[in-house]
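Asks: File coords_33.cif follows (mmCIF, C-alpha atoms):
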```
data_final
loop_
_atom_site.label_atom_id
_atom_site.label_comp_id
_atom_site.auth_asym_id
_atom_site.auth_seq_id
_atom_site.Cartn_x
_atom_site.Cartn_y
_atom_site.Cartn_z
CA MET K 1 1.72 27.88 -54.96
CA SER K 2 2.82 24.27 -54.82
CA LYS K 3 6.05 25.40 -53.19
CA TYR K 4 4.09 26.98 -50.31
CA ILE K 5 1.94 23.87 -49.92
CA ALA K 6 5.09 21.77 -49.77
CA LEU K 7 6.62 24.08 -47.18
CA ALA K 8 3.42 24.03 -45.13
CA SER K 9 3.31 20.24 -45.28
CA PHE K 10 6.95 20.05 -44.21
CA ALA K 11 6.28 22.45 -41.33
CA ALA K 12 3.27 20.42 -40.19
CA ALA K 13 5.32 17.23 -40.33
CA ALA K 14 8.10 18.89 -38.35
CA VAL K 15 5.63 19.97 -35.64
CA THR K 16 4.18 16.45 -35.46
CA LEU K 17 7.65 14.93 -35.25
CA SER K 18 8.67 17.43 -32.59
CA ALA K 19 5.54 16.69 -30.57
CA SER K 20 6.19 12.93 -30.71
CA PHE K 21 9.78 13.44 -29.55
CA ALA K 22 8.56 15.67 -26.72
CA GLN K 23 5.98 13.08 -25.68
CA ALA K 24 8.54 10.27 -25.70
CA GLU K 25 10.86 12.41 -23.63
CA ASP K 26 8.06 13.21 -21.17
CA LEU K 27 7.06 9.54 -20.91
CA ALA K 28 10.64 8.57 -20.13
CA TYR K 29 10.31 10.03 -16.61
CA PHE K 30 7.20 7.96 -15.85
CA GLU K 31 8.74 4.83 -17.34
CA GLU K 32 11.81 5.30 -15.14
CA GLN K 33 9.62 5.48 -12.04
CA ILE K 34 7.90 2.14 -12.60
CA ALA K 35 10.89 0.20 -13.97
CA PRO K 36 12.37 -0.82 -10.55
CA TYR K 37 9.07 -2.43 -9.49
CA ALA K 38 8.62 -4.81 -12.40
CA GLY K 39 10.76 -7.62 -10.98
CA LYS K 40 10.99 -9.48 -7.68
CA PRO K 41 12.23 -7.21 -4.88
CA SER K 42 15.61 -7.71 -3.28
CA PHE K 43 16.13 -7.66 0.48
CA GLU K 44 17.52 -4.48 1.96
CA ALA K 45 18.37 -4.52 5.67
CA PRO K 46 16.56 -1.71 7.51
CA GLY K 47 19.31 -1.49 10.13
CA PRO K 48 22.33 -3.19 11.72
CA THR K 49 22.27 -6.84 12.73
CA PHE K 50 21.35 -7.71 16.35
CA ASP K 51 20.81 -10.80 18.52
CA ALA K 52 17.02 -10.93 18.48
CA LYS K 53 16.63 -14.32 20.14
CA SER K 54 18.71 -13.31 23.16
CA CYS K 55 17.10 -9.94 23.85
CA MET K 56 13.51 -11.07 23.13
CA ALA K 57 13.59 -14.23 25.24
CA ASP K 58 11.39 -12.85 28.03
CA LYS K 59 9.39 -10.27 26.05
CA LYS K 60 5.65 -10.13 25.38
CA VAL K 61 4.11 -8.43 22.34
CA PHE K 62 0.36 -7.79 22.13
CA SER K 63 -1.03 -6.88 18.69
CA ILE K 64 -4.39 -5.21 17.96
CA PRO K 65 -5.33 -5.44 14.25
CA GLN K 66 -7.74 -3.01 12.60
CA SER K 67 -10.25 -5.87 12.39
CA SER K 68 -10.02 -9.64 12.71
CA ALA K 69 -12.53 -9.84 9.86
CA ASN K 70 -10.10 -8.04 7.54
CA PRO K 71 -8.11 -10.74 5.68
CA PHE K 72 -5.28 -8.27 5.04
CA THR K 73 -4.54 -7.63 8.75
CA SER K 74 -5.49 -11.13 9.91
CA ASN K 75 -2.93 -12.67 7.58
CA ILE K 76 -0.25 -10.25 8.75
CA GLU K 77 -1.13 -11.25 12.33
CA GLN K 78 -0.63 -14.92 11.48
CA ALA K 79 2.73 -14.15 9.91
CA MET K 80 3.78 -12.07 12.93
CA ALA K 81 2.91 -15.01 15.18
CA GLY K 82 5.18 -17.14 12.99
CA VAL K 83 8.05 -14.68 13.46
CA ALA K 84 7.52 -14.71 17.23
CA GLU K 85 7.67 -18.51 17.27
CA LYS K 86 10.85 -18.49 15.19
CA VAL K 87 12.61 -15.90 17.35
CA GLY K 88 11.19 -17.18 20.63
CA PHE K 89 8.92 -14.71 22.42
CA GLU K 90 5.27 -14.48 23.46
CA PHE K 91 2.86 -12.98 20.93
CA THR K 92 -0.87 -12.35 21.36
CA THR K 93 -3.46 -11.15 18.84
CA TRP K 94 -6.49 -9.24 20.13
CA GLU K 95 -9.57 -10.42 18.26
CA ASN K 96 -11.95 -7.58 17.37
CA GLN K 97 -14.47 -6.36 14.80
CA GLY K 98 -12.95 -2.97 14.06
CA GLN K 99 -14.68 -0.91 16.75
CA VAL K 100 -12.73 1.84 18.56
CA SER K 101 -14.19 0.62 21.85
CA GLN K 102 -12.77 -2.84 21.15
CA TRP K 103 -9.34 -1.37 20.39
CA ALA K 104 -9.49 0.49 23.71
CA GLN K 105 -10.48 -2.70 25.51
CA GLY K 106 -7.55 -4.46 23.89
CA ILE K 107 -5.08 -1.90 25.26
CA GLU K 108 -6.62 -2.28 28.72
CA THR K 109 -6.24 -6.06 28.49
CA ALA K 110 -2.62 -5.70 27.39
CA ILE K 111 -1.90 -3.45 30.38
CA ASN K 112 -3.44 -6.00 32.74
CA GLN K 113 -1.32 -8.75 31.19
CA GLY K 114 1.87 -6.75 31.72
CA VAL K 115 3.11 -6.95 28.15
CA ASP K 116 6.21 -5.15 26.90
CA LEU K 117 4.83 -3.73 23.65
CA ILE K 118 1.43 -3.05 22.11
CA ASP K 119 1.27 -3.13 18.32
CA LEU K 120 -1.55 -1.19 16.62
CA LEU K 121 -1.76 -2.78 13.16
CA GLY K 122 -3.12 -1.70 9.82
CA GLY K 123 -5.44 1.18 10.63
CA VAL K 124 -5.84 1.14 14.40
CA ASP K 125 -5.60 4.93 14.63
CA PRO K 126 -3.51 6.17 17.59
CA ARG K 127 -5.22 9.57 17.30
CA VAL K 128 -8.47 8.14 18.70
CA LEU K 129 -6.75 6.21 21.50
CA LYS K 130 -4.67 8.90 23.25
CA PRO K 131 -5.92 8.26 26.82
CA GLN K 132 -5.44 4.50 26.48
CA ILE K 133 -1.98 4.90 24.96
CA GLU K 134 -0.96 7.26 27.77
CA ALA K 135 -2.16 4.68 30.31
CA ALA K 136 -0.07 1.99 28.62
CA GLN K 137 2.99 4.21 28.54
CA ALA K 138 2.50 5.04 32.22
CA ALA K 139 2.64 1.30 32.88
CA GLY K 140 5.99 1.12 31.07
CA ILE K 141 4.60 -0.41 27.87
CA LYS K 142 5.81 0.68 24.43
CA VAL K 143 3.08 1.43 21.87
CA VAL K 144 3.78 1.21 18.13
CA ALA K 145 1.50 1.95 15.16
CA SER K 146 2.38 -0.38 12.27
CA HIS K 147 1.39 -0.32 8.59
CA ASN K 148 -0.89 2.60 9.42
CA ASN K 149 0.59 5.76 7.94
CA GLY K 150 2.94 7.15 5.33
CA MET K 151 6.54 8.04 6.09
CA GLU K 152 5.83 11.75 5.91
CA GLN K 153 3.20 11.25 8.66
CA SER K 154 5.55 9.57 11.16
CA GLU K 155 6.22 12.73 13.13
CA GLU K 156 2.51 13.19 13.86
CA ILE K 157 2.10 9.58 14.97
CA ARG K 158 5.24 9.56 17.11
CA GLU K 159 3.87 12.47 19.10
CA ILE K 160 1.23 10.03 20.36
CA ALA K 161 2.79 6.56 20.17
CA ASP K 162 6.35 5.55 21.02
CA SER K 163 7.11 4.71 17.40
CA ASP K 164 5.60 3.64 14.09
CA VAL K 165 6.36 1.30 11.21
CA PRO K 166 5.35 3.39 8.18
CA ILE K 167 4.68 2.40 4.58
CA ASP K 168 5.60 4.58 1.61
CA TYR K 169 1.97 5.15 0.66
CA TYR K 170 2.94 8.42 -1.01
CA LYS K 171 5.16 6.51 -3.43
CA ALA K 172 2.46 3.91 -4.01
CA GLY K 173 0.04 6.65 -5.06
CA ALA K 174 2.61 8.19 -7.36
CA LEU K 175 3.35 4.80 -8.97
CA LEU K 176 -0.31 4.29 -9.81
CA VAL K 177 -0.22 7.54 -11.78
CA ASP K 178 3.15 6.73 -13.37
CA HIS K 179 1.84 3.42 -14.65
CA ALA K 180 -1.44 4.90 -15.92
CA VAL K 181 0.41 7.69 -17.75
CA VAL K 182 2.64 5.17 -19.52
CA SER K 183 -0.32 2.92 -20.31
CA THR K 184 -2.23 5.80 -21.93
CA GLU K 185 0.91 7.19 -23.61
CA GLY K 186 0.57 10.48 -21.77
CA ASP K 187 -3.09 10.97 -22.61
CA LEU K 188 -4.46 10.06 -19.18
CA ASN K 189 -8.06 10.93 -18.36
CA ALA K 190 -8.67 9.09 -15.11
CA LEU K 191 -11.26 8.32 -12.51
CA VAL K 192 -9.43 8.01 -9.18
CA LEU K 193 -11.26 6.04 -6.50
CA ILE K 194 -10.23 6.88 -2.94
CA SER K 195 -11.55 6.03 0.53
CA SER K 196 -11.16 8.88 2.98
CA GLY K 197 -10.54 8.39 6.68
CA PRO K 198 -7.30 6.40 7.08
CA LEU K 199 -3.97 8.20 7.15
CA SER K 200 -2.85 5.90 4.36
CA THR K 201 -5.46 7.45 2.08
CA ASP K 202 -4.22 10.96 2.83
CA SER K 203 -0.68 9.89 1.98
CA MET K 204 -1.62 8.08 -1.23
CA VAL K 205 -3.79 10.95 -2.45
CA SER K 206 -0.90 13.36 -1.88
CA GLY K 207 1.34 11.13 -4.00
CA ILE K 208 -1.30 10.84 -6.72
CA LYS K 209 -1.90 14.58 -6.95
CA ALA K 210 1.80 15.44 -6.92
CA GLU K 211 2.50 13.02 -9.77
CA LEU K 212 -0.47 14.22 -11.81
CA GLU K 213 1.03 17.70 -11.73
CA LYS K 214 4.05 16.33 -13.60
CA CYS K 215 1.85 15.40 -16.55
CA GLU K 216 0.55 18.53 -18.27
CA THR K 217 -1.80 16.60 -20.54
CA CYS K 218 -3.35 14.45 -17.79
CA LYS K 219 -6.82 14.86 -16.32
CA ALA K 220 -8.38 13.25 -13.25
CA GLN K 221 -11.68 13.14 -11.40
CA PHE K 222 -11.75 11.88 -7.80
CA LEU K 223 -14.55 9.71 -6.37
CA ASP K 224 -14.53 9.16 -2.58
CA TYR K 225 -16.21 6.16 -0.90
CA ILE K 226 -15.74 5.23 2.76
CA GLY K 227 -15.24 1.52 3.40
CA THR K 228 -18.80 0.82 4.56
CA ASP K 229 -20.16 2.24 1.29
CA TRP K 230 -18.02 0.29 -1.16
CA ALA K 231 -20.56 -2.45 -1.85
CA THR K 232 -23.49 -0.09 -2.37
CA ARG K 233 -22.09 3.10 -3.86
CA ILE K 234 -19.06 2.31 -6.02
CA THR K 235 -20.85 0.53 -8.88
CA PRO K 236 -23.54 3.17 -9.47
CA GLY K 237 -21.08 6.00 -8.84
CA VAL K 238 -18.53 4.74 -11.37
CA GLN K 239 -21.32 3.90 -13.84
CA SER K 240 -22.62 7.47 -13.64
CA ALA K 241 -19.13 8.95 -14.03
CA LEU K 242 -18.36 6.81 -17.09
CA MET K 243 -21.65 7.68 -18.73
CA SER K 244 -21.25 11.41 -18.11
CA ASN K 245 -17.63 11.47 -19.29
CA PRO K 246 -16.97 9.11 -22.21
CA GLU K 247 -13.40 10.46 -22.45
CA VAL K 248 -12.32 8.57 -19.31
CA ASN K 249 -9.67 6.04 -20.33
CA TYR K 250 -8.35 4.81 -16.99
CA ILE K 251 -9.55 3.97 -13.47
CA ILE K 252 -7.07 4.22 -10.59
CA VAL K 253 -8.15 2.39 -7.43
CA ILE K 254 -6.15 3.09 -4.28
CA TYR K 255 -7.28 -0.08 -2.45
CA ASP K 256 -7.60 -3.00 -4.83
CA SER K 257 -10.56 -4.67 -3.11
CA MET K 258 -12.66 -1.79 -4.48
CA SER K 259 -12.07 -3.24 -7.95
CA GLN K 260 -14.75 -5.91 -7.50
CA PHE K 261 -17.34 -3.12 -7.47
CA VAL K 262 -15.72 -1.18 -10.30
CA LEU K 263 -15.83 -3.99 -12.86
CA PRO K 264 -19.65 -4.25 -12.97
CA ALA K 265 -19.85 -0.53 -13.80
CA VAL K 266 -17.31 -0.97 -16.58
CA THR K 267 -19.31 -3.88 -17.98
CA ILE K 268 -22.69 -2.14 -17.72
CA THR K 269 -21.38 0.90 -19.60
CA GLY K 270 -19.56 -1.18 -22.21
CA SER K 271 -16.28 0.54 -21.35
CA GLN K 272 -14.02 -2.52 -21.41
CA ASP K 273 -12.41 -1.57 -24.70
CA ARG K 274 -11.72 2.06 -23.84
CA LEU K 275 -10.16 1.90 -20.39
CA ASN K 276 -7.92 -0.07 -18.03
CA ILE K 277 -7.69 -0.32 -14.26
CA ASN K 278 -4.78 -0.34 -11.83
CA ALA K 279 -4.74 -0.65 -8.05
CA PHE K 280 -2.70 -1.10 -4.86
CA ASN K 281 -2.39 -3.92 -2.27
CA GLY K 282 -1.91 -7.22 -4.13
CA THR K 283 -4.99 -8.94 -2.70
CA PRO K 284 -5.13 -12.48 -4.16
CA PHE K 285 -8.56 -12.25 -5.81
CA VAL K 286 -7.51 -9.02 -7.52
CA LEU K 287 -4.32 -10.67 -8.77
CA GLY K 288 -6.72 -13.21 -10.26
CA MET K 289 -8.36 -10.31 -12.10
CA VAL K 290 -4.92 -9.30 -13.37
CA GLN K 291 -4.39 -12.83 -14.67
CA LYS K 292 -7.69 -12.58 -16.55
CA GLY K 293 -6.90 -9.15 -17.98
CA GLN K 294 -9.70 -7.45 -16.02
CA VAL K 295 -7.23 -5.32 -14.05
CA GLU K 296 -4.12 -4.15 -15.88
CA MET K 297 -1.77 -3.78 -12.91
CA ASP K 298 -1.82 -4.25 -9.13
CA ILE K 299 0.96 -3.00 -6.84
CA GLY K 300 1.45 -5.83 -4.38
CA GLU K 301 2.78 -6.04 -0.85
CA ASN K 302 4.11 -9.30 0.56
CA LEU K 303 2.20 -9.70 3.85
CA ASP K 304 4.78 -12.08 5.30
CA TRP K 305 7.51 -9.55 4.45
CA ILE K 306 5.42 -6.85 6.15
CA ALA K 307 5.14 -9.03 9.26
CA HIS K 308 8.91 -9.55 9.37
CA SER K 309 9.53 -5.82 8.94
CA VAL K 310 7.04 -4.85 11.66
CA MET K 311 8.57 -7.35 14.05
CA ASP K 312 12.06 -6.15 13.16
CA SER K 313 11.24 -2.54 14.06
CA GLU K 314 9.42 -3.50 17.24
CA MET K 315 12.12 -5.90 18.42
CA ARG K 316 14.72 -3.19 17.87
CA LEU K 317 12.69 -0.85 20.08
CA LEU K 318 12.48 -3.44 22.87
CA CYS K 319 16.14 -4.39 22.50
CA GLY K 320 17.38 -0.80 22.82
CA GLU K 321 18.54 -0.64 19.20
CA GLU K 322 18.37 2.51 17.06
CA GLU K 323 14.86 3.42 15.90
CA ILE K 324 14.02 2.63 12.27
CA ASP K 325 12.52 5.38 10.11
CA ASP K 326 12.25 3.32 6.93
CA PRO K 327 11.47 -0.39 7.39
CA LYS K 328 12.35 -1.07 3.72
CA ILE K 329 9.05 -2.78 2.87
CA PRO K 330 9.06 -3.14 -0.94
CA PHE K 331 6.35 -2.97 -3.59
CA MET K 332 6.05 -5.16 -6.68
CA MET K 333 3.96 -4.50 -9.79
CA PHE K 334 1.88 -7.46 -10.97
CA THR K 335 0.72 -7.45 -14.61
CA GLU K 336 -0.39 -10.22 -16.97
CA ALA K 337 3.32 -10.82 -17.62
CA ASN K 338 4.08 -11.98 -14.07
CA ALA K 339 0.75 -12.41 -12.24
CA MET K 340 0.88 -16.22 -12.62
CA ASP K 341 3.88 -16.16 -10.28
CA ALA K 342 1.33 -15.52 -7.50
CA GLY K 343 -0.18 -18.97 -8.09
CA SER K 344 -3.31 -20.33 -9.71
CA PRO K 345 -5.40 -19.33 -7.91
CA PRO K 346 -3.21 -16.54 -6.46
CA GLU K 347 -1.99 -16.93 -2.88
CA LEU K 348 -1.00 -14.40 -0.23
CA SER K 349 2.70 -13.50 -0.17
CA LYS K 350 3.46 -15.66 -3.23
CA GLY K 351 5.33 -14.36 -6.27
CA TYR K 352 7.72 -11.99 -4.50
CA GLY K 353 10.63 -14.38 -4.07
CA ASP K 354 12.06 -15.48 -0.73
CA ALA K 355 15.17 -13.31 -0.40
CA TYR K 356 13.72 -11.59 2.69
CA GLN K 357 13.46 -14.80 4.72
CA ALA K 358 17.19 -15.53 4.70
CA GLY K 359 17.84 -11.79 4.96
CA PHE K 360 15.93 -11.40 8.22
CA ASP K 361 17.34 -14.63 9.67
CA GLU K 362 20.83 -13.27 9.14
CA LEU K 363 19.86 -9.82 10.38
CA TRP K 364 18.53 -11.29 13.62
CA GLN K 365 21.49 -13.65 14.00
CA LEU K 366 19.29 -16.75 13.94
CA ASN K 367 21.73 -18.82 11.87
#
```
So that I can check it, write out the structure of this file as structure tokens.

Replies:
Amino acid sequence: MSKYIALASFAAAAVTLSASFAQAEDLAYFEEQIAPYAGKPSFEAPGPTFDAKSCMADKKVFSIPQSSANPFTSNIEQAMAGVAEKVGFEFTTWENQGQVSQWAQGIETAINQGVDLIDLLGGVDPRVLKPQIEAAQAAGIKVVASHNNGMEQSEEIREIADSDVPIDYYKAGALLVDHAVVSTEGDLNALVLISSGPLSTDSMVSGIKAELEKCETCKAQFLDYIGTDWATRITPGVQSALMSNPEVNYIIVIYDSMSQFVLPAVTITGSQDRLNINAFNGTPFVLGMVQKGQVEMDIGENLDWIAHSVMDSEMRLLCGEEEIDDPKIPFMMFTEANAMDAGSPPELSKGYGDAYQAGFDELWQLN
């Protein structure tokens, strides 16, 4: 009898050992996905070098941000103005409060000013501005949607606008899952907070769902809150979800500013010890949460780098250069290990290194 017990024990141990090997092997894929984003990004030229100063000398660019009240787009606008000053061309920002009617008025103003290119930045949706865009194109003005959509959505946008400067939102969504899977050692049971409406959300959600399918043991529940509801609905919604499902061990937030409304729900439900949070954008106050251990990881974007990349693509269009499909805008993962690189308190565009500045100067032949 003891022989059979010994054999059974050996068999059970073998199954356990096999399972642990299988899990380690499965986790290796997810670890490989996040590894390239742990350090400071290197500069990768999106296209051939060209004489930007010469060809842009008499050009006018008119940019319409999603909202002047949005610090994300307003800071990109400031950085774009800095690029224009460095290269030497006229740049105008259209102040607005995020209303479609104001975007339309901005295009009309740009037409009246006789600009060369209209930039629709960070969520100004070309799909709701077709008549205005057609009027601008009829006046010989190029229209570009920037930092608005994922790369797989470019074809749809370029049927309306002359071009776009996409972001790899799909990859960003996938990376959030990759990191959460590694953090939970393959036992992910997540709440995923999304905000429907923008094309970027559609792209990120596609990346999240595709990556979740690669983890057979992972579970996820999606909660959807439009931007105007964040302050009123996220906290009670997350609180209810955590109370109804005590197995949740991770919260994935696609736009990191939502995190400020997630944390109260985590505190109220006493869930701090059983779950972590990750997010996307790299907003300074959220990087402060990373420094304090309140958010485990935030995928950051350097807004000054974004501005340089947007300007690069748009200058190429005006200078008759080949159109850019991938502007090579990188992501960087901030954790407690490197979040202090962003400053104390964290600052916009800090912590990513400065390789891009010399890279773009050389690319545009400014040296």

Asks: Applying the PyMOL selection byres ((chain K and resi 135-152) around 9) to the file I just gave you, which residues come out? Please list them as a ChimeraX atom specification.

Replies: /K:107-108,110-111,114-126,130-134,153-158,160-170,198-204,306,310,314,317-318,325-326

Asks: Figure out the distance between atom CA of K:Leu287 and atom CA of K:Gln33, please, to one decimal in Å.

Replies: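 Distance reported for this atom pair: 21.6 Å.
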
Asks: Take the PyMOL selection byres ((chain K and resi 62) around 6), apply it to the structure above, and return the hits as a ChimeraX atom specification.

Replies: /K:61,63,91-92,118

Asks: Tell me which of K:Ile208, K:Cys319, K:Met243, K:Ala220 sits closest to K:Phe50, counting all atoms listed in the file.

Replies: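 For K:Phe50, the nearest of the given residues is K:Cys319.
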
Asks: Would you please work out which residue, of K:Phe280, K:Tyr352, K:Tyr29, K:Phe360, is nearest to K:Ala172 when using all atoms listed in the file?

Replies: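 Counting all atoms listed in the file, the residue closest to K:Ala172 is K:Phe280.
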
Asks: Looking at K:Ile194, K:Val181, K:Leu363, K:Ala342, which one is nearest to K:Asn302, with distances taken over all atoms listed in the file?

Replies: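 Among the listed residues, the smallest separation from K:Asn302 belongs to K:Ala342.
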
Asks: Return the single residue from K:Ala52, K:Val205, K:Ala28, K:Ala339 that is closest to K:Gly173, with distances computed using all atoms listed in the file.

Replies: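 Closest candidate: K:Val205.
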
Asks: Let me make sure I understand: among K:Glu185, K:Asp312, K:Glu85, K:Glu322, which one has the smallest atom-to-atom distance to K:Ala45 if we use all atoms listed in the file?

Replies: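 Nearest to K:Ala45: K:Asp312.
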
Asks: Can you sort out the box for stretch 215-221 of chain K, edges along x, y and z, all listed atoms in, 6 Å on every side, with centre and edge lengths in Å to one decimal, as lines of an AutoDock Vina configuration file?

Replies:
```
center_x = -4.9
center_y = 15.8
center_z = -16.0
size_x = 25.5
size_y = 17.4
size_z = 21.1
```

Asks: If you count all atoms listed in the file, which residues fall within 9 Å of K:Leu242, apart from same-chain ones fewer than 5 positions away, as number ranges by chain?

Replies: K: 191, 237, 247-248, 265-266, 269, 271

Asks: What does the distance between atom CA of K:Lys40 and atom CA of K:Asp361 come to in Å, to one decimal place?

Replies: 19.2 Å
